[in-house]
>>> print(open('data.cif').read())   # mmCIF, C-alpha atoms (C1' of nucleotides)
data_target
loop_
_atom_site.label_atom_id
_atom_site.label_comp_id
_atom_site.auth_asym_id
_atom_site.auth_seq_id
_atom_site.Cartn_x
_atom_site.Cartn_y
_atom_site.Cartn_z
CA MET A 1 -5.44 -33.69 81.83
CA ASP A 2 -2.40 -34.92 80.06
CA ASP A 3 -2.34 -38.64 79.55
CA THR A 4 -0.47 -38.39 76.29
CA ARG A 5 2.29 -40.95 76.24
CA TRP A 6 5.06 -38.63 75.10
CA LEU A 7 8.32 -39.97 73.76
CA ASP A 8 11.25 -40.18 76.14
CA ALA A 9 14.67 -38.89 75.14
CA GLU A 10 15.74 -42.21 73.72
CA GLU A 11 12.59 -42.65 71.67
CA GLN A 12 12.82 -39.07 70.57
CA ARG A 13 16.26 -39.70 69.11
CA THR A 14 15.14 -42.86 67.40
CA TRP A 15 12.16 -41.12 65.92
CA ARG A 16 14.21 -38.24 64.59
CA SER A 17 16.80 -40.55 63.13
CA PHE A 18 14.06 -42.48 61.43
CA ILE A 19 12.35 -39.40 60.05
CA THR A 20 15.58 -37.92 58.81
CA ALA A 21 16.72 -41.08 57.11
CA HIS A 22 13.31 -41.57 55.62
CA ARG A 23 13.12 -38.09 54.16
CA LEU A 24 16.64 -38.05 52.80
CA PHE A 25 16.40 -41.51 51.37
CA PHE A 26 13.07 -41.20 49.65
CA ASP A 27 13.76 -37.71 48.43
CA ARG A 28 16.83 -39.13 46.78
CA ILE A 29 15.01 -42.10 45.29
CA GLU A 30 12.30 -39.81 44.02
CA ARG A 31 14.70 -37.37 42.49
CA GLN A 32 16.83 -40.03 40.84
CA LEU A 33 13.80 -41.52 39.13
CA GLN A 34 12.38 -38.16 38.28
CA THR A 35 15.47 -36.67 36.75
CA ASP A 36 16.78 -39.78 35.05
CA SER A 37 13.46 -41.18 33.88
CA GLY A 38 10.86 -38.48 34.40
CA LEU A 39 8.85 -40.82 36.55
CA PRO A 40 7.58 -40.46 40.11
CA HIS A 41 8.31 -43.46 42.27
CA ALA A 42 4.61 -44.19 42.68
CA TYR A 43 4.31 -44.51 38.91
CA PHE A 44 7.32 -46.73 38.81
CA GLU A 45 5.72 -49.04 41.34
CA ILE A 46 2.55 -49.19 39.32
CA LEU A 47 4.48 -50.19 36.23
CA VAL A 48 6.39 -52.83 38.18
CA ARG A 49 3.19 -54.42 39.44
CA LEU A 50 1.76 -54.45 35.96
CA SER A 51 4.91 -55.95 34.53
CA GLU A 52 4.64 -58.88 36.94
CA ALA A 53 0.99 -59.62 36.29
CA PRO A 54 -0.17 -62.32 33.88
CA ASP A 55 -0.34 -60.79 30.41
CA ARG A 56 0.98 -57.65 32.06
CA THR A 57 -2.63 -56.84 32.75
CA LEU A 58 -4.61 -56.14 35.89
CA ARG A 59 -7.96 -54.79 36.89
CA MET A 60 -7.68 -51.22 38.07
CA SER A 61 -8.74 -52.11 41.58
CA GLU A 62 -6.24 -54.94 41.84
CA LEU A 63 -3.54 -52.68 40.54
CA ALA A 64 -4.49 -50.04 43.07
CA ALA A 65 -4.30 -52.55 45.91
CA SER A 66 -1.01 -54.07 44.84
CA SER A 67 0.67 -50.74 44.27
CA LEU A 68 -0.71 -49.26 47.48
CA SER A 69 -2.40 -46.48 45.58
CA SER A 70 -5.81 -45.05 46.16
CA ARG A 71 -8.26 -45.57 43.33
CA SER A 72 -8.18 -41.91 42.61
CA ARG A 73 -4.44 -41.76 42.45
CA LEU A 74 -4.34 -44.75 40.18
CA SER A 75 -6.93 -43.28 37.84
CA HIS A 76 -4.94 -40.11 37.48
CA ALA A 77 -1.67 -41.97 37.12
CA VAL A 78 -2.92 -44.41 34.52
CA ALA A 79 -4.51 -41.60 32.57
CA ARG A 80 -1.19 -39.85 32.40
CA MET A 81 0.76 -42.98 31.57
CA GLU A 82 -1.74 -43.91 28.91
CA GLU A 83 -1.04 -40.57 27.26
CA ALA A 84 2.63 -41.42 27.40
CA GLY A 85 1.90 -44.72 25.71
CA TRP A 86 3.11 -46.95 28.52
CA VAL A 87 -0.26 -48.31 29.55
CA ARG A 88 -3.42 -49.17 27.70
CA ARG A 89 -6.88 -49.42 29.21
CA SER A 90 -9.61 -51.73 28.04
CA ALA A 91 -13.08 -52.67 29.17
CA CYS A 92 -13.71 -55.81 31.18
CA PRO A 93 -16.17 -58.06 29.33
CA THR A 94 -17.61 -59.77 32.38
CA ASP A 95 -18.07 -56.70 34.53
CA LYS A 96 -18.98 -53.62 32.61
CA ARG A 97 -17.92 -51.38 35.46
CA GLY A 98 -14.41 -52.77 35.25
CA GLN A 99 -11.33 -51.63 33.43
CA PHE A 100 -8.16 -53.49 32.62
CA ALA A 101 -4.83 -51.78 32.60
CA GLU A 102 -2.17 -53.35 30.42
CA LEU A 103 1.49 -52.51 30.20
CA THR A 104 2.45 -51.84 26.58
CA ASP A 105 5.71 -53.02 25.03
CA GLU A 106 6.83 -49.44 25.03
CA GLY A 107 5.97 -49.20 28.70
CA PHE A 108 7.89 -52.37 29.43
CA ALA A 109 10.96 -51.10 27.64
CA TYR A 110 10.66 -47.84 29.47
CA LEU A 111 10.35 -49.55 32.80
CA ASP A 112 13.32 -51.74 32.06
CA SER A 113 15.54 -48.79 31.34
CA ALA A 114 14.29 -46.82 34.33
CA ALA A 115 14.87 -49.75 36.64
CA ARG A 116 18.61 -49.76 36.10
CA GLY A 117 19.36 -46.39 37.58
CA HIS A 118 16.78 -46.95 40.25
CA VAL A 119 18.28 -50.21 41.42
CA GLU A 120 21.72 -48.68 41.47
CA GLU A 121 20.47 -45.96 43.73
CA VAL A 122 18.68 -48.35 46.04
CA ARG A 123 21.74 -50.51 46.28
CA ALA A 124 24.11 -47.64 46.88
CA ARG A 125 21.94 -45.90 49.43
CA LEU A 126 20.42 -48.82 51.23
CA PHE A 127 22.06 -52.21 50.82
CA ASP A 128 25.61 -50.98 50.52
CA VAL A 129 25.41 -49.10 53.80
CA LEU A 130 23.79 -51.85 55.84
CA THR A 131 25.30 -55.04 57.20
CA PRO A 132 23.52 -58.32 56.47
CA GLU A 133 22.23 -58.32 60.05
CA GLN A 134 20.85 -54.84 59.60
CA GLN A 135 19.18 -55.84 56.39
CA LYS A 136 17.52 -58.71 58.18
CA ALA A 137 16.49 -56.43 61.02
CA LEU A 138 15.11 -53.91 58.58
CA ARG A 139 12.91 -56.51 57.04
CA GLU A 140 11.59 -57.68 60.38
CA ILE A 141 10.95 -54.14 61.49
CA SER A 142 9.19 -53.34 58.25
CA ASP A 143 7.04 -56.42 58.50
CA ALA A 144 6.05 -55.59 62.05
CA ILE A 145 5.00 -52.10 61.06
CA THR A 146 3.12 -53.34 58.05
CA GLU A 147 1.32 -55.94 60.07
CA SER A 148 0.07 -53.39 62.56
CA LEU A 149 -1.23 -51.24 59.74
CA THR A 150 -3.01 -53.90 57.74
CA ASP A 151 -4.40 -56.34 60.28
CA GLU A 152 -6.34 -54.32 62.71
CA GLY A 153 -7.97 -51.78 60.48
CA ARG A 154 -7.46 -48.30 61.76
CA MET B 1 26.24 -54.72 28.45
CA ASP B 2 24.40 -55.32 31.64
CA ASP B 3 26.52 -54.60 34.66
CA THR B 4 23.60 -53.46 36.73
CA ARG B 5 23.87 -54.99 40.16
CA TRP B 6 20.28 -56.22 40.40
CA LEU B 7 18.76 -57.24 43.70
CA ASP B 8 18.74 -60.93 44.54
CA ALA B 9 15.59 -62.60 45.85
CA GLU B 10 16.44 -61.90 49.45
CA GLU B 11 17.20 -58.26 48.82
CA GLN B 12 14.11 -57.97 46.72
CA ARG B 13 11.97 -59.11 49.63
CA THR B 14 13.68 -56.75 52.02
CA TRP B 15 13.23 -53.87 49.66
CA ARG B 16 9.54 -54.55 49.16
CA SER B 17 8.95 -54.94 52.86
CA PHE B 18 10.67 -51.66 53.42
CA ILE B 19 8.74 -49.83 50.75
CA THR B 20 5.44 -51.24 51.89
CA ALA B 21 6.01 -50.38 55.52
CA HIS B 22 7.25 -46.97 54.58
CA ARG B 23 4.25 -46.14 52.47
CA LEU B 24 1.67 -47.46 54.89
CA PHE B 25 3.30 -45.85 57.87
CA PHE B 26 3.83 -42.40 56.47
CA ASP B 27 0.49 -42.35 54.73
CA ARG B 28 -1.02 -42.99 58.10
CA ILE B 29 1.05 -40.35 59.87
CA GLU B 30 0.20 -37.87 57.17
CA ARG B 31 -3.49 -38.60 57.29
CA GLN B 32 -3.68 -38.47 61.05
CA LEU B 33 -2.10 -35.04 61.13
CA GLN B 34 -4.09 -33.83 58.19
CA THR B 35 -7.50 -34.92 59.40
CA ASP B 36 -7.02 -34.15 63.07
CA SER B 37 -5.04 -30.94 62.73
CA GLY B 38 -5.23 -29.91 59.09
CA LEU B 39 -1.48 -29.92 58.87
CA PRO B 40 0.88 -31.79 56.54
CA HIS B 41 3.68 -33.55 58.33
CA ALA B 42 6.27 -31.32 56.66
CA TYR B 43 4.58 -28.28 58.16
CA PHE B 44 4.47 -29.93 61.52
CA GLU B 45 8.21 -30.52 61.37
CA ILE B 46 8.82 -26.91 60.48
CA LEU B 47 6.81 -25.76 63.47
CA VAL B 48 8.67 -28.17 65.74
CA ARG B 49 12.04 -26.83 64.65
CA LEU B 50 10.89 -23.28 65.19
CA SER B 51 9.51 -24.13 68.61
CA GLU B 52 12.91 -25.43 69.69
CA ALA B 53 14.89 -22.47 68.45
CA PRO B 54 15.98 -19.61 70.69
CA ASP B 55 13.14 -17.08 70.81
CA ARG B 56 11.30 -19.52 68.61
CA THR B 57 12.96 -17.75 65.73
CA LEU B 58 15.19 -18.88 62.91
CA ARG B 59 16.54 -17.58 59.67
CA MET B 60 14.67 -19.04 56.74
CA SER B 61 17.68 -20.87 55.46
CA GLU B 62 18.45 -22.39 58.85
CA LEU B 63 14.87 -23.43 59.20
CA ALA B 64 14.98 -24.99 55.76
CA ALA B 65 18.09 -26.95 56.62
CA SER B 66 16.86 -28.16 59.97
CA SER B 67 13.48 -29.18 58.71
CA LEU B 68 14.94 -30.84 55.62
CA SER B 69 12.89 -28.62 53.35
CA SER B 70 13.96 -26.98 50.16
CA ARG B 71 14.04 -23.21 50.25
CA SER B 72 11.15 -23.12 47.88
CA ARG B 73 9.06 -25.46 49.92
CA LEU B 74 9.79 -23.49 53.04
CA SER B 75 8.86 -20.21 51.39
CA HIS B 76 5.52 -21.59 50.31
CA ALA B 77 4.93 -23.27 53.64
CA VAL B 78 5.77 -20.24 55.74
CA ALA B 79 3.63 -18.06 53.53
CA ARG B 80 0.69 -20.30 54.18
CA MET B 81 1.37 -20.62 57.89
CA GLU B 82 1.78 -16.89 58.18
CA GLU B 83 -1.70 -16.48 56.75
CA ALA B 84 -2.91 -18.92 59.36
CA GLY B 85 -1.26 -16.81 62.03
CA TRP B 86 1.14 -19.47 63.28
CA VAL B 87 4.32 -17.87 61.99
CA ARG B 88 5.50 -14.30 61.56
CA ARG B 89 8.25 -13.13 59.25
CA SER B 90 10.55 -10.21 59.84
CA ALA B 91 13.56 -8.70 58.17
CA CYS B 92 17.07 -9.44 59.34
CA PRO B 93 18.85 -6.21 60.30
CA THR B 94 22.37 -7.42 59.59
CA ASP B 95 21.68 -9.08 56.25
CA LYS B 96 19.10 -7.36 54.17
CA ARG B 97 18.56 -10.45 52.09
CA GLY B 98 17.59 -12.39 55.15
CA GLN B 99 14.28 -13.14 56.77
CA PHE B 100 13.47 -14.41 60.22
CA ALA B 101 10.61 -16.76 60.83
CA GLU B 102 9.14 -16.72 64.31
CA LEU B 103 6.59 -19.03 65.83
CA THR B 104 3.68 -17.05 67.26
CA ASP B 105 1.98 -17.92 70.53
CA GLU B 106 -0.97 -19.02 68.52
CA GLY B 107 1.29 -21.24 66.45
CA PHE B 108 2.83 -22.70 69.57
CA ALA B 109 -0.55 -23.53 71.03
CA TYR B 110 -1.59 -25.06 67.77
CA LEU B 111 1.54 -27.16 67.58
CA ASP B 112 1.08 -28.32 71.12
CA SER B 113 -2.41 -29.56 70.45
CA ALA B 114 -1.46 -31.18 67.16
CA ALA B 115 1.46 -32.97 68.77
CA ARG B 116 -0.71 -35.04 71.05
CA GLY B 117 -2.54 -37.01 68.42
CA HIS B 118 0.61 -37.22 66.36
CA VAL B 119 2.66 -38.74 69.15
CA GLU B 120 -0.07 -41.21 69.92
CA GLU B 121 -0.02 -42.36 66.34
CA VAL B 122 3.75 -42.64 66.23
CA ARG B 123 3.75 -44.60 69.42
CA ALA B 124 0.97 -46.93 68.38
CA ARG B 125 2.33 -47.58 64.91
CA LEU B 126 6.04 -47.60 65.57
CA PHE B 127 7.21 -48.00 69.13
CA ASP B 128 4.42 -50.27 70.29
CA VAL B 129 5.08 -52.77 67.53
CA LEU B 130 8.86 -52.90 67.90
CA THR B 131 10.95 -54.57 70.56
CA PRO B 132 13.62 -52.48 72.30
CA GLU B 133 16.25 -54.29 70.23
CA GLN B 134 14.40 -53.44 67.05
CA GLN B 135 14.14 -49.82 68.10
CA LYS B 136 17.87 -49.75 68.62
CA ALA B 137 18.45 -51.43 65.29
CA LEU B 138 16.13 -48.98 63.58
CA ARG B 139 18.12 -46.09 64.89
CA GLU B 140 21.40 -47.56 63.75
CA ILE B 141 20.00 -48.36 60.34
CA SER B 142 18.58 -44.87 60.02
CA ASP B 143 21.85 -43.29 61.03
CA ALA B 144 23.76 -45.36 58.51
CA ILE B 145 21.44 -44.33 55.72
CA THR B 146 21.55 -40.71 56.75
CA GLU B 147 25.29 -40.72 56.92
CA SER B 148 25.63 -42.01 53.40
CA LEU B 149 23.32 -39.30 52.16
CA THR B 150 24.86 -36.35 53.91
CA ASP B 151 28.57 -37.03 54.02
CA GLU B 152 29.60 -37.76 50.54
CA GLY B 153 27.77 -35.08 48.65
CA ARG B 154 25.78 -36.44 45.76
"C1'" DG C 1 -38.73 -57.55 38.95
"C1'" DG C 2 -37.58 -53.35 40.95
"C1'" DA C 3 -35.77 -50.26 44.44
"C1'" DA C 4 -31.92 -49.66 47.62
"C1'" DG C 5 -27.48 -50.13 48.30
"C1'" DC C 6 -22.86 -51.53 47.09
"C1'" DG C 7 -18.72 -51.66 44.06
"C1'" DA C 8 -15.65 -49.93 40.15
"C1'" DG C 9 -13.76 -46.28 38.40
"C1'" DT C 10 -13.47 -41.27 37.07
"C1'" DT C 11 -13.38 -36.38 37.72
"C1'" DG C 12 -12.42 -31.66 39.42
"C1'" DA C 13 -11.05 -28.65 42.93
"C1'" DG C 14 -7.75 -27.59 46.32
"C1'" DA C 15 -3.30 -28.08 48.35
"C1'" DG C 16 1.73 -29.24 48.54
"C1'" DT C 17 6.12 -30.00 46.08
"C1'" DT C 18 9.50 -29.21 42.64
"C1'" DC C 19 12.01 -26.83 39.29
"C1'" DA C 20 13.67 -22.99 37.04
"C1'" DA C 21 13.76 -18.24 36.78
"C1'" DC C 22 14.08 -14.08 39.12
"C1'" DT C 23 15.36 -10.05 42.50
"C1'" DA C 24 18.17 -8.27 45.83
"C1'" DT C 25 22.12 -8.32 48.62
"C1'" DT C 26 26.63 -9.72 50.00
"C1'" DT C 27 31.23 -11.59 49.31
"C1'" DC C 28 35.31 -12.28 46.76
"C1'" DC C 29 39.21 -10.74 44.74
"C1'" DC C 30 42.05 -8.31 41.35
"C1'" DG D 1 36.52 0.27 44.33
"C1'" DG D 2 34.07 -2.38 41.27
"C1'" DG D 3 32.54 -6.29 38.62
"C1'" DA D 4 31.79 -11.41 38.95
"C1'" DA D 5 30.08 -14.86 41.47
"C1'" DA D 6 27.79 -16.63 45.36
"C1'" DT D 7 23.88 -16.40 48.78
"C1'" DA D 8 18.96 -15.50 50.58
"C1'" DG D 9 14.69 -15.81 49.55
"C1'" DT D 10 10.46 -15.57 46.53
"C1'" DT D 11 7.49 -16.65 42.74
"C1'" DG D 12 4.77 -19.07 39.16
"C1'" DA D 13 3.96 -23.00 36.39
"C1'" DA D 14 3.57 -27.83 36.07
"C1'" DC D 15 2.65 -31.91 38.31
"C1'" DT D 16 0.96 -35.18 41.79
"C1'" DC D 17 -1.96 -36.32 45.56
"C1'" DT D 18 -6.20 -36.20 48.33
"C1'" DC D 19 -10.91 -35.68 49.11
"C1'" DA D 20 -15.55 -35.57 48.00
"C1'" DA D 21 -18.79 -35.96 44.56
"C1'" DC D 22 -20.36 -38.34 40.74
"C1'" DT D 23 -21.67 -42.06 37.03
"C1'" DC D 24 -22.71 -46.45 35.87
"C1'" DG D 25 -23.32 -51.27 36.55
"C1'" DC D 26 -23.98 -55.20 39.76
"C1'" DT D 27 -26.39 -57.47 43.83
"C1'" DT D 28 -29.63 -58.15 47.25
"C1'" DC D 29 -33.84 -59.00 48.94
"C1'" DC D 30 -38.70 -58.36 49.59
#
>>> encode(input="data.cif", output="structure tokens")
Amino acid sequence: MDDTRWLDAEEQRTWRSFITAHRLFFDRIERQLQTDSGLPHAYFEILVRLSEAPDRTLRMSELAASSLSSRSRLSHAVARMEEAGWVRRSACPTDKRGQFAELTDEGFAYLDSAARGHVEEVRARLFDVLTPEQQKALREISDAITESLTDEGR
Amino acid sequence: MDDTRWLDAEEQRTWRSFITAHRLFFDRIERQLQTDSGLPHAYFEILVRLSEAPDRTLRMSELAASSLSSRSRLSHAVARMEEAGWVRRSACPTDKRGQFAELTDEGFAYLDSAARGHVEEVRARLFDVLTPEQQKALREISDAITESLTDEGR
DNA sequence: GGAAGCGAGTTGAGAGTTCAACTATTTCCC
DNA sequence: GGGAAATAGTTGAACTCTCAACTCGCTTCC
């Protein structure tokens, strides 16, 4: 039996447009950050979250949640960025299982310089090509998608 | 001098909404395909393009272009899918540098079964949460982004 | 108070992607 | 015709991500 709710022609086109734009856009964002700053976008996001935290410090699990990383990914990422000198880890005194991650001054400076090219790219490839109405629509669409993926579990 | 055109608060929120939705959505799509069919989404796309080609066959470079893969990625991917028996490669008679990739019957059957769960997920997480107007807006937004990334070269 | 279970974080293996280098062929053009 | 440059495709190394296993500390509850 086939009760799959396939996409109709219209939906098909929308879906392909979306996929195409998504791939091209994020490939570009990724490459810009990678070539100009040697940083994957996921790492950039982690640094941003840290930079906005009080004392530029967060528990690993909070950092994972706020940067939408798995714990595993974050562990690997922080390990690598600690080697690079951008992040420092320290033990949590009240919970001996815990670890703090702190953005170093060097990491902050690095993030600051990386952010410039990144923002330029985002502006040029996203905001500059969308009307204000489209920007508003994009936010509402994004929020709707996010809501469906966070609220009701799986 | 700082002539970076930073994002204002409004843009900042839009950008974060977009990033968040993007990550959650595609992580989900990726995981659904991976766990239910053992297939990365990029591989799925490659198989789809092949399945729509005449004789289910395409030159490697055409396949790369249509599936938005780099040549390298495609080479690796096809190598792996050839091992799995879903794709077959053959030499091009008119251009000895060339290779054809052909979707096998087994690959077609596999794709067909994988597509069901995938479509369900796309529908549940995208189309079901958007109004018709939002779907239309999403397509226009996507097309605008795509255009800026394909037309004007870099 | 001690065992069972939960939570925080790490680790290693396996897989995909990218980049640069490489081979082989074809095209360009003098 | 022949050499330079472009094109097709592959390969291997480096890196990131995921998943499952694992360690260690906290909590619960009898």
>>> residues_around(input="data.cif", residues="Val87 of chain B", least_positions_apart="6", cutoff="7 Å", atoms="all atoms listed in the file", output="list in words")
Val78, Met81, Ala101, Glu102, Leu103, Thr104 and Gly107 of chain B
>>> interface_residues(input="data.cif", of="chain B", to="chain A", cutoff="6 Å", atoms="all atoms listed in the file", output="compact mmCIF listing (two decimals) with C-alpha atoms, in the frame of the given file")
# COMPACT_ATOMS: atom_id res chain seq x y z
CA THR B 14 13.68 -56.75 52.02
CA SER B 17 8.95 -54.94 52.86
CA PHE B 18 10.67 -51.66 53.42
CA ALA B 21 6.01 -50.38 55.52
CA ARG B 139 18.12 -46.09 64.89
CA SER B 142 18.58 -44.87 60.02
CA ILE B 145 21.44 -44.33 55.72
CA THR B 146 21.55 -40.71 56.75
>>> interface_residues(input="data.cif", of="chain C", to="chain B", cutoff="9 Å", atoms="all atoms listed in the file", output="list in words")
DG16, DT17, DT18, DA24, DT25 and DT26 of chain C
>>> calpha_fit_and_write(input="data.cif", fixed="chain B", moving="chain A", output="compact mmCIF listing (two decimals) with C-alpha atoms, in the coordinates of the input")
# COMPACT_ATOMS: atom_id res chain seq x y z
CA MET A 1 25.97 -54.93 28.36
CA ASP A 2 24.27 -55.48 31.63
CA ASP A 3 26.43 -54.73 34.61
CA THR A 4 23.52 -53.57 36.71
CA ARG A 5 23.79 -55.07 40.15
CA TRP A 6 20.22 -56.31 40.40
CA LEU A 7 18.72 -57.31 43.71
CA ASP A 8 18.68 -60.99 44.58
CA ALA A 9 15.54 -62.65 45.90
CA GLU A 10 16.42 -61.93 49.49
CA GLU A 11 17.18 -58.28 48.86
CA GLN A 12 14.08 -58.01 46.75
CA ARG A 13 11.95 -59.13 49.68
CA THR A 14 13.68 -56.77 52.05
CA TRP A 15 13.22 -53.89 49.68
CA ARG A 16 9.54 -54.58 49.19
CA SER A 17 8.95 -54.95 52.89
CA PHE A 18 10.69 -51.66 53.45
CA ILE A 19 8.76 -49.85 50.75
CA THR A 20 5.45 -51.22 51.92
CA ALA A 21 6.04 -50.36 55.54
CA HIS A 22 7.27 -46.95 54.58
CA ARG A 23 4.26 -46.13 52.45
CA LEU A 24 1.70 -47.44 54.89
CA PHE A 25 3.33 -45.84 57.87
CA PHE A 26 3.87 -42.40 56.45
CA ASP A 27 0.53 -42.33 54.71
CA ARG A 28 -0.99 -42.98 58.09
CA ILE A 29 1.08 -40.34 59.85
CA GLU A 30 0.24 -37.86 57.14
CA ARG A 31 -3.44 -38.58 57.25
CA GLN A 32 -3.66 -38.46 61.02
CA LEU A 33 -2.08 -35.03 61.10
CA GLN A 34 -4.05 -33.83 58.15
CA THR A 35 -7.45 -34.90 59.34
CA ASP A 36 -6.99 -34.15 63.02
CA SER A 37 -5.02 -30.94 62.66
CA GLY A 38 -5.20 -29.91 59.03
CA LEU A 39 -1.45 -29.92 58.82
CA PRO A 40 0.91 -31.77 56.50
CA HIS A 41 3.72 -33.52 58.30
CA ALA A 42 6.31 -31.30 56.63
CA TYR A 43 4.60 -28.27 58.14
CA PHE A 44 4.49 -29.93 61.49
CA GLU A 45 8.23 -30.50 61.35
CA ILE A 46 8.82 -26.89 60.47
CA LEU A 47 6.81 -25.76 63.46
CA VAL A 48 8.66 -28.17 65.73
CA ARG A 49 12.03 -26.82 64.65
CA LEU A 50 10.87 -23.29 65.21
CA SER A 51 9.48 -24.14 68.61
CA GLU A 52 12.88 -25.43 69.71
CA ALA A 53 14.87 -22.45 68.48
CA PRO A 54 15.92 -19.60 70.76
CA ASP A 55 13.09 -17.07 70.85
CA ARG A 56 11.24 -19.52 68.63
CA THR A 57 12.91 -17.74 65.77
CA LEU A 58 15.18 -18.84 62.96
CA ARG A 59 16.54 -17.53 59.72
CA MET A 60 14.68 -18.99 56.78
CA SER A 61 17.73 -20.80 55.52
CA GLU A 62 18.49 -22.32 58.90
CA LEU A 63 14.90 -23.39 59.22
CA ALA A 64 15.02 -24.94 55.77
CA ALA A 65 18.15 -26.89 56.65
CA SER A 66 16.90 -28.10 60.01
CA SER A 67 13.53 -29.16 58.69
CA LEU A 68 15.01 -30.80 55.61
CA SER A 69 12.98 -28.58 53.34
CA SER A 70 14.08 -26.92 50.17
CA ARG A 71 14.11 -23.14 50.27
CA SER A 72 11.25 -23.06 47.89
CA ARG A 73 9.16 -25.43 49.91
CA LEU A 74 9.85 -23.48 53.04
CA SER A 75 8.90 -20.19 51.41
CA HIS A 76 5.59 -21.59 50.30
CA ALA A 77 4.97 -23.27 53.63
CA VAL A 78 5.79 -20.25 55.73
CA ALA A 79 3.66 -18.06 53.52
CA ARG A 80 0.72 -20.32 54.13
CA MET A 81 1.35 -20.64 57.84
CA GLU A 82 1.77 -16.91 58.16
CA GLU A 83 -1.70 -16.52 56.70
CA ALA A 84 -2.93 -18.95 59.31
CA GLY A 85 -1.30 -16.85 61.99
CA TRP A 86 1.11 -19.48 63.24
CA VAL A 87 4.29 -17.87 61.99
CA ARG A 88 5.45 -14.32 61.58
CA ARG A 89 8.20 -13.13 59.27
CA SER A 90 10.48 -10.20 59.92
CA ALA A 91 13.48 -8.65 58.26
CA CYS A 92 16.99 -9.38 59.47
CA PRO A 93 18.72 -6.13 60.48
CA THR A 94 22.26 -7.25 59.78
CA ASP A 95 21.64 -8.89 56.43
CA LYS A 96 19.00 -7.20 54.38
CA ARG A 97 18.54 -10.27 52.22
CA GLY A 98 17.57 -12.28 55.28
CA GLN A 99 14.25 -13.08 56.83
CA PHE A 100 13.43 -14.37 60.28
CA ALA A 101 10.59 -16.74 60.86
CA GLU A 102 9.08 -16.70 64.33
CA LEU A 103 6.55 -19.05 65.82
CA THR A 104 3.63 -17.06 67.24
CA ASP A 105 1.90 -17.93 70.51
CA GLU A 106 -1.04 -19.07 68.48
CA GLY A 107 1.25 -21.26 66.42
CA PHE A 108 2.78 -22.71 69.56
CA ALA A 109 -0.60 -23.55 71.00
CA TYR A 110 -1.60 -25.07 67.72
CA LEU A 111 1.52 -27.15 67.55
CA ASP A 112 1.06 -28.32 71.09
CA SER A 113 -2.42 -29.58 70.42
CA ALA A 114 -1.45 -31.19 67.12
CA ALA A 115 1.47 -32.97 68.73
CA ARG A 116 -0.72 -35.03 71.02
CA GLY A 117 -2.52 -37.00 68.38
CA HIS A 118 0.63 -37.22 66.34
CA VAL A 119 2.67 -38.72 69.14
CA GLU A 120 -0.06 -41.20 69.89
CA GLU A 121 0.01 -42.35 66.33
CA VAL A 122 3.78 -42.62 66.22
CA ARG A 123 3.79 -44.58 69.43
CA ALA A 124 1.01 -46.91 68.39
CA ARG A 125 2.36 -47.56 64.92
CA LEU A 126 6.06 -47.57 65.56
CA PHE A 127 7.25 -47.98 69.13
CA ASP A 128 4.47 -50.23 70.30
CA VAL A 129 5.12 -52.75 67.55
CA LEU A 130 8.89 -52.89 67.91
CA THR A 131 10.99 -54.54 70.59
CA PRO A 132 13.67 -52.46 72.30
CA GLU A 133 16.29 -54.27 70.22
CA GLN A 134 14.44 -53.41 67.06
CA GLN A 135 14.18 -49.81 68.10
CA LYS A 136 17.91 -49.73 68.62
CA ALA A 137 18.48 -51.41 65.28
CA LEU A 138 16.17 -48.97 63.58
CA ARG A 139 18.17 -46.08 64.87
CA GLU A 140 21.45 -47.56 63.73
CA ILE A 141 20.04 -48.36 60.33
CA SER A 142 18.62 -44.88 60.00
CA ASP A 143 21.89 -43.30 60.99
CA ALA A 144 23.79 -45.38 58.48
CA ILE A 145 21.47 -44.34 55.69
CA THR A 146 21.59 -40.72 56.72
CA GLU A 147 25.34 -40.75 56.87
CA SER A 148 25.65 -42.06 53.34
CA LEU A 149 23.33 -39.34 52.11
CA THR A 150 24.90 -36.39 53.85
CA ASP A 151 28.62 -37.08 53.92
CA GLU A 152 29.60 -37.83 50.42
CA GLY A 153 27.52 -35.38 48.49
CA ARG A 154 25.65 -37.06 45.71
>>> resolve_selection(input="data.cif", expression="the PyMOL selection byres ((chain D) within 8 of (chain B))", output="list in words")
DA8, DG9 and DT10 of chain D
>>> atom_distance(input="data.cif", atom1="atom CA of Ile46 of chain A", atom2="atom CA of Gly38 of chain B")
28.7 Å
>>> resolve_selection(input="data.cif", expression="the PyMOL selection byres ((chain D and resi 28) around 10)", output="JSON, numbers by chain")
{"C": [4, 5, 6], "D": [26, 27, 29, 30]}
>>> atom_distance(input="data.cif", atom1="atom CA of Arg56 of chain B", atom2="atom C1' of DT7 of chain D")
23.7 Å
>>> atom_distance(input="data.cif", atom1="atom C1' of DA20 of chain D", atom2="atom CA of Ala79 of chain A")
19.9 Å
>>> residues_around(input="data.cif", residues="Phe100 of chain A", least_positions_apart="3", cutoff="7 Å", atoms="all atoms listed in the file", output="short mmCIF file (atom, residue, chain, number, x, y, z; two decimals) with C-alpha atoms, keeping the file's coordinate frame")
data_model
loop_
_atom_site.label_atom_id
_atom_site.label_comp_id
_atom_site.auth_asym_id
_atom_site.auth_seq_id
_atom_site.Cartn_x
_atom_site.Cartn_y
_atom_site.Cartn_z
CA THR A 57 -2.63 -56.84 32.75
CA LEU A 58 -4.61 -56.14 35.89
CA ARG A 59 -7.96 -54.79 36.89
CA MET A 60 -7.68 -51.22 38.07
CA ARG A 89 -6.88 -49.42 29.21
CA SER A 90 -9.61 -51.73 28.04
CA ALA A 91 -13.08 -52.67 29.17
CA CYS A 92 -13.71 -55.81 31.18
#
>>> axis_aligned_box(input="data.cif", around="segment 59-65 of chain A", padding_each_side="4 Å", output="JSON")
{"center_x": -6.1, "center_y": -52.5, "center_z": 41.4, "size_x": 13.2, "size_y": 12.9, "size_z": 17.0}
